[in-house]
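So the structure is just underneath, and the comments pick up after that.
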Amino acid sequence: MTVSHHNLLGEPPATLLPEEPEADKALDAALPDGDVSAVAADFPSYSAAWAELATRALTAGDPVAAYAYARTGYHRGLDQLRRAGWKGHGPVPWSHLPNRGFLRSLHALGQAASEIGESDEAARCATFLRDCDPSAADALDG
């Protein structure tokens with residue numbers, strides 16, 4: 001006989017961050033090779049700009065700068081998630097485009113942590129990303 005245990009409280013609802021059309025427009029205008037730093041300065045709570053800066057720093061071989069950018073995007077994203085009702089767990093779907101800046105920052109933070117020898121932090125980030133949405137981890141790990 002197989003016994004299964006179910007969470008009687010259920011999983012919390014997905015957290016969906018609000019859209020930021022002005023910041024999206026500014027970032028789109030800065031891609032692929034424009035000044036993303038200006039976007040981060042104009043919209044400092046916009047995780048997608050920080051994620052892009054982190055990705056560029058990783059590509060350029062500067063994991064310390066990438067770590068700083070990613071950490072900023074991650075914390076700004078956590079602030080937004082909490083304001084949106086997130087209680088520290090539950091789905092943060094990759095399919096919802098405004099969530100992607102946070103998820104990309106979390107992924108970049110894990111990559112940068114790995115590159116600077118912070119293996120525990122890298123593992124925590126990988127687990128957290130997969131807990132938020134396995135499809136985010138799959139998409140970002142390519």
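FYI, nothing fancy with the structure tokens labels: chains A, B, ... in order, residues from 1 per chain, ligands from 1 as they appear.
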
Residues within 9 Å of Ala70 of chain A, please, as an mmCIF file with C-alpha atoms, in the first residue's frame. Count only C-alpha atoms; anything in the same chain fewer than 2 positions from it doesn't count.
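Below is the file part_15.cif, written as the result:
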```cif
data_model
loop_
_atom_site.group_PDB
_atom_site.id
_atom_site.type_symbol
_atom_site.label_atom_id
_atom_site.label_comp_id
_atom_site.auth_asym_id
_atom_site.auth_seq_id
_atom_site.Cartn_x
_atom_site.Cartn_y
_atom_site.Cartn_z
ATOM 1 C CA SER A 47 15.489 44.008 -12.116
ATOM 2 C CA TRP A 50 20.394 44.721 -13.489
ATOM 3 C CA ALA A 51 20.065 41.227 -14.960
ATOM 4 C CA GLU A 52 21.242 42.509 -18.341
ATOM 5 C CA LEU A 53 24.211 44.275 -16.741
ATOM 6 C CA ALA A 54 25.095 41.066 -14.871
ATOM 7 C CA THR A 55 24.855 38.984 -18.028
ATOM 8 C CA ALA A 65 30.873 43.039 -11.279
ATOM 9 C CA ALA A 66 28.321 40.455 -12.419
ATOM 10 C CA TYR A 67 27.816 39.383 -8.815
ATOM 11 C CA ALA A 68 27.201 42.976 -7.727
ATOM 12 C CA THR A 72 21.162 44.297 -6.847
ATOM 13 C CA GLY A 73 18.601 42.946 -9.324
ATOM 14 C CA TYR A 74 17.838 40.027 -7.038
ATOM 15 C CA HIS A 75 17.203 42.225 -3.989
ATOM 16 C CA ARG A 104 17.354 36.323 -14.658
ATOM 17 C CA SER A 105 19.039 38.203 -11.785
ATOM 18 C CA LEU A 106 18.756 35.137 -9.559
ATOM 19 C CA HIS A 107 20.251 32.958 -12.285
ATOM 20 C CA ALA A 108 23.104 35.395 -12.951
ATOM 21 C CA LEU A 109 23.779 35.634 -9.213
ATOM 22 C CA GLY A 110 24.211 31.874 -9.089
ATOM 23 C CA ALA A 112 28.650 34.724 -10.721
#
```

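Across the model, the gap from atom CA of Pro18 of chain A to atom CA of Ala126 of chain A is 24.2 Å.
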
Atom CA of Val39 of chain A to atom CA of Ala136 of chain A: how many Å, to one decimal?
->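 Computed distance, atom CA of Val39 of chain A to atom CA of Ala136 of chain A, equals 23.7 Å.
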
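Those residues that approach Glu115 of chain A to within 9 Å, counting only C-alpha atoms, are Pro63, Val64 and Ala122 of chain A; same-chain residues fewer than 6 positions away are not listed.
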
Write the residues you've just listed into a file as a compact mmCIF listing (two decimals), in the first residue's frame, and include N, CA and C atoms for each of them.
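Writing done, so here's result32.txt:
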```txt
# COMPACT_ATOMS: atom_id res chain seq x y z
N PRO A 63 33.29 38.40 -13.21
CA PRO A 63 32.29 37.82 -12.33
C PRO A 63 32.02 38.65 -11.07
N VAL A 64 32.98 39.46 -10.63
CA VAL A 64 32.76 40.28 -9.43
C VAL A 64 31.73 41.37 -9.74
N ALA A 122 25.93 29.58 -4.94
CA ALA A 122 25.53 29.14 -6.29
C ALA A 122 24.47 28.05 -6.19
```

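Interatomic distance, atom CA of Asp62 of chain A to atom CA of Phe43 of chain A: 23.2 Å.
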
From a DSSP pass on the backbone, collect the residues of segment 32-123 of chain A flagged as alpha helix (DSSP H) and hand them back as a JSON list (two decimals) with N, CA and C atoms, in the first residue's frame.
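And here's result.json as it stands now:
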```
[["chain", "number", "residue", "atom", "x", "y", "z"],
["A", 36, "VAL", "N", 22.90, 50.19, -20.95],
["A", 36, "VAL", "CA", 21.96, 49.63, -19.98],
["A", 36, "VAL", "C", 22.17, 50.27, -18.60],
["A", 37, "SER", "N", 23.37, 50.77, -18.34],
["A", 37, "SER", "CA", 23.63, 51.45, -17.06],
["A", 37, "SER", "C", 22.69, 52.64, -16.89],
["A", 38, "ALA", "N", 22.42, 53.35, -17.96],
["A", 38, "ALA", "CA", 21.51, 54.49, -17.89],
["A", 38, "ALA", "C", 20.10, 54.02, -17.55],
["A", 39, "VAL", "N", 19.71, 52.88, -18.06],
["A", 39, "VAL", "CA", 18.38, 52.34, -17.73],
["A", 39, "VAL", "C", 18.31, 51.98, -16.24],
["A", 40, "ALA", "N", 19.36, 51.35, -15.73],
["A", 40, "ALA", "CA", 19.40, 51.00, -14.30],
["A", 40, "ALA", "C", 19.38, 52.26, -13.44],
["A", 41, "ALA", "N", 20.06, 53.30, -13.90],
["A", 41, "ALA", "CA", 20.08, 54.55, -13.14],
["A", 41, "ALA", "C", 18.72, 55.23, -13.16],
["A", 42, "ASP", "N", 18.05, 55.19, -14.30],
["A", 42, "ASP", "CA", 16.73, 55.82, -14.42],
["A", 42, "ASP", "C", 15.62, 55.01, -13.76],
["A", 47, "SER", "N", 14.56, 45.14, -12.14],
["A", 47, "SER", "CA", 15.49, 44.01, -12.12],
["A", 47, "SER", "C", 16.01, 43.61, -13.49],
["A", 48, "ALA", "N", 15.23, 43.80, -14.52],
["A", 48, "ALA", "CA", 15.67, 43.38, -15.86],
["A", 48, "ALA", "C", 16.92, 44.13, -16.30],
["A", 49, "ALA", "N", 17.05, 45.40, -15.95],
["A", 49, "ALA", "CA", 18.26, 46.15, -16.31],
["A", 49, "ALA", "C", 19.46, 45.59, -15.56],
["A", 50, "TRP", "N", 19.30, 45.29, -14.28],
["A", 50, "TRP", "CA", 20.39, 44.72, -13.49],
["A", 50, "TRP", "C", 20.77, 43.34, -14.01],
["A", 51, "ALA", "N", 19.79, 42.55, -14.40],
["A", 51, "ALA", "CA", 20.07, 41.23, -14.96],
["A", 51, "ALA", "C", 20.86, 41.35, -16.25],
["A", 52, "GLU", "N", 20.51, 42.31, -17.09],
["A", 52, "GLU", "CA", 21.24, 42.51, -18.34],
["A", 52, "GLU", "C", 22.68, 42.95, -18.07],
["A", 53, "LEU", "N", 22.86, 43.86, -17.11],
["A", 53, "LEU", "CA", 24.21, 44.27, -16.74],
["A", 53, "LEU", "C", 25.02, 43.09, -16.22],
["A", 54, "ALA", "N", 24.40, 42.24, -15.40],
["A", 54, "ALA", "CA", 25.09, 41.07, -14.87],
["A", 54, "ALA", "C", 25.48, 40.11, -15.99],
["A", 55, "THR", "N", 24.58, 39.88, -16.91],
["A", 55, "THR", "CA", 24.86, 38.98, -18.03],
["A", 55, "THR", "C", 26.01, 39.52, -18.87],
["A", 56, "ARG", "N", 26.01, 40.81, -19.13],
["A", 56, "ARG", "CA", 27.09, 41.41, -19.90],
["A", 56, "ARG", "C", 28.42, 41.28, -19.17],
["A", 57, "ALA", "N", 28.41, 41.49, -17.86],
["A", 57, "ALA", "CA", 29.64, 41.37, -17.07],
["A", 57, "ALA", "C", 30.15, 39.92, -17.08],
["A", 58, "LEU", "N", 29.25, 38.95, -16.98],
["A", 58, "LEU", "CA", 29.67, 37.56, -17.06],
["A", 58, "LEU", "C", 30.29, 37.26, -18.41],
["A", 59, "THR", "N", 29.66, 37.74, -19.47],
["A", 59, "THR", "CA", 30.18, 37.53, -20.82],
["A", 59, "THR", "C", 31.55, 38.17, -21.00],
["A", 63, "PRO", "N", 33.29, 38.40, -13.21],
["A", 63, "PRO", "CA", 32.29, 37.82, -12.33],
["A", 63, "PRO", "C", 32.02, 38.65, -11.07],
["A", 64, "VAL", "N", 32.98, 39.46, -10.63],
["A", 64, "VAL", "CA", 32.76, 40.28, -9.43],
["A", 64, "VAL", "C", 31.73, 41.37, -9.74],
["A", 65, "ALA", "N", 31.87, 42.04, -10.87],
["A", 65, "ALA", "CA", 30.87, 43.04, -11.28],
["A", 65, "ALA", "C", 29.53, 42.36, -11.53],
["A", 66, "ALA", "N", 29.56, 41.19, -12.16],
["A", 66, "ALA", "CA", 28.32, 40.45, -12.42],
["A", 66, "ALA", "C", 27.61, 40.12, -11.12],
["A", 67, "TYR", "N", 28.39, 39.71, -10.12],
["A", 67, "TYR", "CA", 27.82, 39.38, -8.82],
["A", 67, "TYR", "C", 27.13, 40.60, -8.21],
["A", 68, "ALA", "N", 27.78, 41.74, -8.29],
["A", 68, "ALA", "CA", 27.20, 42.98, -7.73],
["A", 68, "ALA", "C", 25.93, 43.37, -8.47],
["A", 69, "TYR", "N", 25.96, 43.35, -9.79],
["A", 69, "TYR", "CA", 24.77, 43.69, -10.57],
["A", 69, "TYR", "C", 23.64, 42.72, -10.28],
["A", 70, "ALA", "N", 23.96, 41.42, -10.30],
["A", 70, "ALA", "CA", 22.93, 40.41, -10.08],
["A", 70, "ALA", "C", 22.35, 40.49, -8.68],
["A", 71, "ARG", "N", 23.20, 40.74, -7.70],
["A", 71, "ARG", "CA", 22.73, 40.85, -6.31],
["A", 71, "ARG", "C", 21.76, 42.03, -6.19],
["A", 72, "THR", "N", 22.06, 43.14, -6.88],
["A", 72, "THR", "CA", 21.16, 44.30, -6.85],
["A", 72, "THR", "C", 19.82, 43.95, -7.48],
["A", 73, "GLY", "N", 19.85, 43.33, -8.66],
["A", 73, "GLY", "CA", 18.60, 42.95, -9.32],
["A", 73, "GLY", "C", 17.80, 41.95, -8.52],
["A", 74, "TYR", "N", 18.49, 41.03, -7.89],
["A", 74, "TYR", "CA", 17.84, 40.03, -7.04],
["A", 74, "TYR", "C", 17.13, 40.69, -5.86],
["A", 75, "HIS", "N", 17.82, 41.58, -5.16],
["A", 75, "HIS", "CA", 17.20, 42.23, -3.99],
["A", 75, "HIS", "C", 16.08, 43.17, -4.40],
["A", 76, "ARG", "N", 16.25, 43.88, -5.49],
["A", 76, "ARG", "CA", 15.15, 44.74, -5.97],
["A", 76, "ARG", "C", 13.95, 43.90, -6.34],
["A", 77, "GLY", "N", 14.20, 42.74, -6.93],
["A", 77, "GLY", "CA", 13.11, 41.83, -7.27],
["A", 77, "GLY", "C", 12.43, 41.26, -6.05],
["A", 78, "LEU", "N", 13.21, 40.89, -5.02],
["A", 78, "LEU", "CA", 12.60, 40.40, -3.78],
["A", 78, "LEU", "C", 11.69, 41.46, -3.17],
["A", 79, "ASP", "N", 12.13, 42.71, -3.19],
["A", 79, "ASP", "CA", 11.29, 43.80, -2.67],
["A", 79, "ASP", "C", 9.97, 43.86, -3.43],
["A", 80, "GLN", "N", 10.02, 43.77, -4.74],
["A", 80, "GLN", "CA", 8.81, 43.82, -5.55],
["A", 80, "GLN", "C", 7.92, 42.61, -5.30],
["A", 81, "LEU", "N", 8.53, 41.43, -5.20],
["A", 81, "LEU", "CA", 7.75, 40.23, -4.92],
["A", 81, "LEU", "C", 6.99, 40.36, -3.61],
["A", 82, "ARG", "N", 7.68, 40.85, -2.60],
["A", 82, "ARG", "CA", 7.02, 41.02, -1.29],
["A", 82, "ARG", "C", 5.86, 42.01, -1.38],
["A", 83, "ARG", "N", 6.07, 43.10, -2.10],
["A", 83, "ARG", "CA", 4.98, 44.07, -2.28],
["A", 83, "ARG", "C", 3.81, 43.47, -3.04],
["A", 100, "ARG", "N", 10.60, 38.01, -15.25],
["A", 100, "ARG", "CA", 11.85, 37.52, -15.81],
["A", 100, "ARG", "C", 13.08, 38.31, -15.35],
["A", 101, "GLY", "N", 12.95, 39.59, -15.06],
["A", 101, "GLY", "CA", 14.10, 40.35, -14.56],
["A", 101, "GLY", "C", 14.61, 39.78, -13.25],
["A", 102, "PHE", "N", 13.69, 39.49, -12.33],
["A", 102, "PHE", "CA", 14.07, 38.87, -11.06],
["A", 102, "PHE", "C", 14.69, 37.50, -11.29],
["A", 103, "LEU", "N", 14.02, 36.68, -12.10],
["A", 103, "LEU", "CA", 14.51, 35.32, -12.33],
["A", 103, "LEU", "C", 15.86, 35.31, -13.03],
["A", 104, "ARG", "N", 16.05, 36.21, -13.98],
["A", 104, "ARG", "CA", 17.35, 36.32, -14.66],
["A", 104, "ARG", "C", 18.43, 36.81, -13.69],
["A", 105, "SER", "N", 18.08, 37.73, -12.79],
["A", 105, "SER", "CA", 19.04, 38.20, -11.79],
["A", 105, "SER", "C", 19.44, 37.07, -10.86],
["A", 106, "LEU", "N", 18.48, 36.28, -10.43],
["A", 106, "LEU", "CA", 18.76, 35.14, -9.56],
["A", 106, "LEU", "C", 19.68, 34.14, -10.26],
["A", 107, "HIS", "N", 19.41, 33.87, -11.51],
["A", 107, "HIS", "CA", 20.25, 32.96, -12.28],
["A", 107, "HIS", "C", 21.66, 33.51, -12.43],
["A", 108, "ALA", "N", 21.78, 34.78, -12.79],
["A", 108, "ALA", "CA", 23.10, 35.40, -12.95],
["A", 108, "ALA", "C", 23.86, 35.43, -11.63],
["A", 109, "LEU", "N", 23.15, 35.64, -10.52],
["A", 109, "LEU", "CA", 23.78, 35.63, -9.21],
["A", 109, "LEU", "C", 24.40, 34.26, -8.95],
["A", 110, "GLY", "N", 23.68, 33.22, -9.27],
["A", 110, "GLY", "CA", 24.21, 31.87, -9.09],
["A", 110, "GLY", "C", 25.43, 31.62, -9.96],
["A", 111, "GLN", "N", 25.38, 32.07, -11.21],
["A", 111, "GLN", "CA", 26.52, 31.89, -12.10],
["A", 111, "GLN", "C", 27.74, 32.65, -11.58],
["A", 112, "ALA", "N", 27.54, 33.91, -11.20],
["A", 112, "ALA", "CA", 28.65, 34.72, -10.72],
["A", 112, "ALA", "C", 29.20, 34.14, -9.42],
["A", 113, "ALA", "N", 28.32, 33.70, -8.54],
["A", 113, "ALA", "CA", 28.77, 33.09, -7.28],
["A", 113, "ALA", "C", 29.64, 31.88, -7.56],
["A", 114, "SER", "N", 29.24, 31.07, -8.51],
["A", 114, "SER", "CA", 30.03, 29.90, -8.87],
["A", 114, "SER", "C", 31.41, 30.31, -9.38],
["A", 115, "GLU", "N", 31.45, 31.33, -10.20],
["A", 115, "GLU", "CA", 32.72, 31.77, -10.79],
["A", 115, "GLU", "C", 33.67, 32.37, -9.76],
["A", 119, "SER", "N", 30.42, 28.40, -3.81],
["A", 119, "SER", "CA", 29.63, 27.25, -4.27],
["A", 119, "SER", "C", 28.33, 27.07, -3.49],
["A", 120, "ASP", "N", 28.32, 27.37, -2.20],
["A", 120, "ASP", "CA", 27.08, 27.26, -1.43],
["A", 120, "ASP", "C", 26.04, 28.25, -1.94],
["A", 121, "GLU", "N", 26.47, 29.47, -2.20],
["A", 121, "GLU", "CA", 25.55, 30.50, -2.73],
["A", 121, "GLU", "C", 25.05, 30.09, -4.11],
["A", 122, "ALA", "N", 25.93, 29.58, -4.94],
["A", 122, "ALA", "CA", 25.53, 29.14, -6.29],
["A", 122, "ALA", "C", 24.47, 28.05, -6.19],
["A", 123, "ALA", "N", 24.65, 27.10, -5.28],
["A", 123, "ALA", "CA", 23.68, 26.02, -5.10],
["A", 123, "ALA", "C", 22.35, 26.55, -4.58]]
```

Show me, as a CSV table (one decimal) with C-alpha atoms, in the first residue's frame, the residues that have an atom within 9 Å of Glu11 of chain A when counting only C-alpha atoms, minus same-chain residues fewer than 6 positions from it.
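Wrote it out as result.csv, contents follow:
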```csv
chain,number,residue,atom,x,y,z
A,89,HIS,CA,7.8,30.7,-1.2
A,90,GLY,CA,5.5,29.8,-4.0
A,91,PRO,CA,5.6,30.0,-7.8
```

With distances taken over only C-alpha atoms, which of A:Asp33, A:Trp86, A:Trp94, A:Pro21 is nearest to Leu129 of chain A?
->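 Smallest separation from Leu129 of chain A among the options: A:Trp94.
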